[in-house]
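To start, the structure under review is shown below, and the notes come after it.
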Amino acid sequence: MRITEIFRAAFEAIAKNKARSLLTMLGLVIGVAAVIVMISISAGTEATIEEEITRLGTNLIYITRSFNMGGISGMRDLFSGGLVYDDALAIKEKISGVSGVVVEQSTNQTVKSEEVVVENVNVMGTTPSFPSVRDMDVEKGRYFTDQDVDLEEKVAVLGSSLAKSLFGDEDPIGRTIIVDKTRLSIIGVMAEKGMVGGVDYDSRLFTPITVVWHQFSNYQFARLMGDQVDMIFVEIADPDNMDKIITQISLLLAKRHEVTLDDPDFKITTQQDIIGTQEATTEAFRTLLGWVAGVSLVVGGIGIMNIMLVSVTERTREIGIRQSVGATPSDIRWQFLAESILLSVTGGLLGILVGIGSSALFQRFADMRTVIVPGSILLSFVAATAVGIFFGFYPANKAARLDPIDALRHE
């Protein structure tokens, strides 16, 4: 038989039992759709994380305090001053290729305007280069200057949503707020930034780091421990020098803190490290879902095999008649194998449509970003076709090996 005749006969056989054929394909449809949806969700998640990390600034190095648990290192870190402001100044002065350094020291306080009280506001003490290094803009007014920091000027720049909460539609520039027991003059409002890495920058209050140290921290303790900072951000001018500068910073901080590089009391992380960690997590999630989708495809293939076995049994007499008029075992094998291939290919195509549609629905109604990956469509379709051929071969081979006499006698 010619290949076109084989597939025409297979199509007619499938069309005679539309409902059963659709149910047979259901497993493959679900499996293919699951592959496309789970890859689109993981790709969307990766893209979102990468964009959010990039929105924090570009070519950044994050330096934080390392805290070991137990042992000599743990005792050392417990009484260590951690990162201090002078560390940031030393990096800025001694490391070439650094285009910006900014520090952060945060505390949560109650903020009051004339009529509104907002509790648990994150008050971030920082330095003038914060907007440029962290890729944020000032929408109204101005940011504080080096002079404001040096003179411990009691000024504040509000995040956009905090400004809205405290003053509504009124212009807050020049107004006064009370943070804890300290009165701060508002000199600026930041442009809307939104959630970045799970942090709402619009609800924060920014003030000179000296104000945080001396107004909102335990001053005596702070003096004893030095001018501590939670984190130092270093912006690199040329990303190709990232590794070289990390090494230089590590050596500088190790010398300043009198520790070794094998057991430092600080931790240096890059944006690529964070993205890599997130990608590893997403990859594990994708692998798990991949196994689930793979099981669905196998179940779909087993469904095809069962239905094809039933079909062979039901059409045994038809097979005998075809053998009696000259059909070879190869013709019979190809006839049933073609039905299996058509079922798997059709199921794969339907699964692609369902997968793309489901991804769109996830993005619209589940507030979950999805990105359709073309490779996932090809992968799932090829897998579905392979499953159909694999599980369809046994019934087709069983039909081809039927004895013509026994087949004709079958009722």
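We name chains A, B, ... following the order of the structure tokens; residues begin at 1 in each chain, and ligands are numbered from 1 as shown.
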Requested in this report: Determine which residues of range 213-404 of chain A DSSP labels as helix (DSSP H, G or I) from the backbone of this structure, then write them out as an MDAnalysis selection string.
Outcome: chainID A and resid 213:215 219:225 239:257 271:314 316:324 329:365 374:400 404
Requested in this report: Could you give me, as a PyMOL selection string, the residues within 7 Å of range 4-15 of chain A, counting only C-alpha atoms and dropping anything in the same chain fewer than 4 positions from it?
Outcome: chain A and resi 21+334-335+338-339
Pull N, CA, C and O atoms from the residues just selected and write them as a short mmCIF file (atom, residue, chain, number, x, y, z; two decimals), in the first residue's frame.
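Output contents, as saved in result_17.cif:
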```cif
data_model
loop_
_atom_site.label_atom_id
_atom_site.label_comp_id
_atom_site.auth_asym_id
_atom_site.auth_seq_id
_atom_site.Cartn_x
_atom_site.Cartn_y
_atom_site.Cartn_z
N SER A 21 -11.60 8.30 20.04
CA SER A 21 -10.30 8.84 19.62
C SER A 21 -9.91 10.05 20.45
O SER A 21 -8.74 10.22 20.85
N TRP A 334 1.60 -1.38 9.23
CA TRP A 334 1.62 0.05 8.93
C TRP A 334 0.22 0.67 9.10
O TRP A 334 0.10 1.84 9.49
N GLN A 335 -0.82 -0.11 8.80
CA GLN A 335 -2.18 0.42 8.94
C GLN A 335 -2.44 0.85 10.39
O GLN A 335 -2.90 1.97 10.65
N ALA A 338 -0.03 3.62 11.60
CA ALA A 338 -0.44 4.94 11.09
C ALA A 338 -1.55 5.53 11.94
O ALA A 338 -1.58 6.74 12.20
N GLU A 339 -2.47 4.68 12.41
CA GLU A 339 -3.53 5.19 13.30
C GLU A 339 -2.93 5.72 14.59
O GLU A 339 -3.33 6.78 15.10
#
```
Report task. Pick out the closest residue to Leu261 in chain A from this set: A:Ile246, A:Val102, A:Asp273, A:Arg183. Count only C-alpha atoms. Result ->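 Among the listed residues, A:Ile246 lies closest to Leu261 in chain A.
CA of Glu52 in chain A to CA of Gly290 in chain A spans 26.1 Å [interatomic distance, one decimal].
Note that CA of Ser185 in chain A and CA of Ile173 in chain A are 8.1 Å apart.
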**Report entry** Interatomic distance, CA of Ala43 in chain A to CA of Val371 in chain A (Å, one decimal)
**Finding:**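 Answer for the CA of Ala43 in chain A to CA of Val371 in chain A separation: 5.6 Å.
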Query raised in the report: Residues at most 7 Å from Arg369 in chain A, counting only C-alpha atoms, excluding those fewer than 6 positions away in the same chain, as a list of chain:residue names?
Result: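 After dropping sequence-adjacent residues, the list is A:Ile41, A:Gly44, A:Thr45, A:Gln363.
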Query raised in the report: What's the 10 Å shell around Ile405 in chain A, counting only C-alpha atoms, without same-chain residues fewer than 6 positions away, as a PyMOL selection string?
Result: chain A and resi 317+320-321+323-324
**Report entry** DSSP-assigned strand (DSSP E or B) among range 56-296 of chain A, expressed as a PyMOL selection string
**Finding:** chain A and resi 60-65+84+98-112+117-126+138-141+155-158+176-179+182-190+195-196+199-200+205-208+228+231-236+266-270
Query - Residue contacts of range 340-349 of chain A (6 Å, only C-alpha atoms) excluding same-chain residues fewer than 2 positions away, as an NGL selection string - result: :A and (25 or 28-29 or 337-338 or 351-352 or 381 or 384-385 or 388-389 or 392)
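Residues within 10 Å of Ala163 in chain A, counting only C-alpha atoms and excluding same-chain residues fewer than 3 positions away, are Ser113, Val157, Leu158, Gly159, Ser160, Leu166, Phe167, Gly168, Asp169, Glu170, Asp171, Pro172, Ile173, Ile186, Gly188, Val189, Met190, Asp202, Ser203, Arg204 and Leu205 of chain A.
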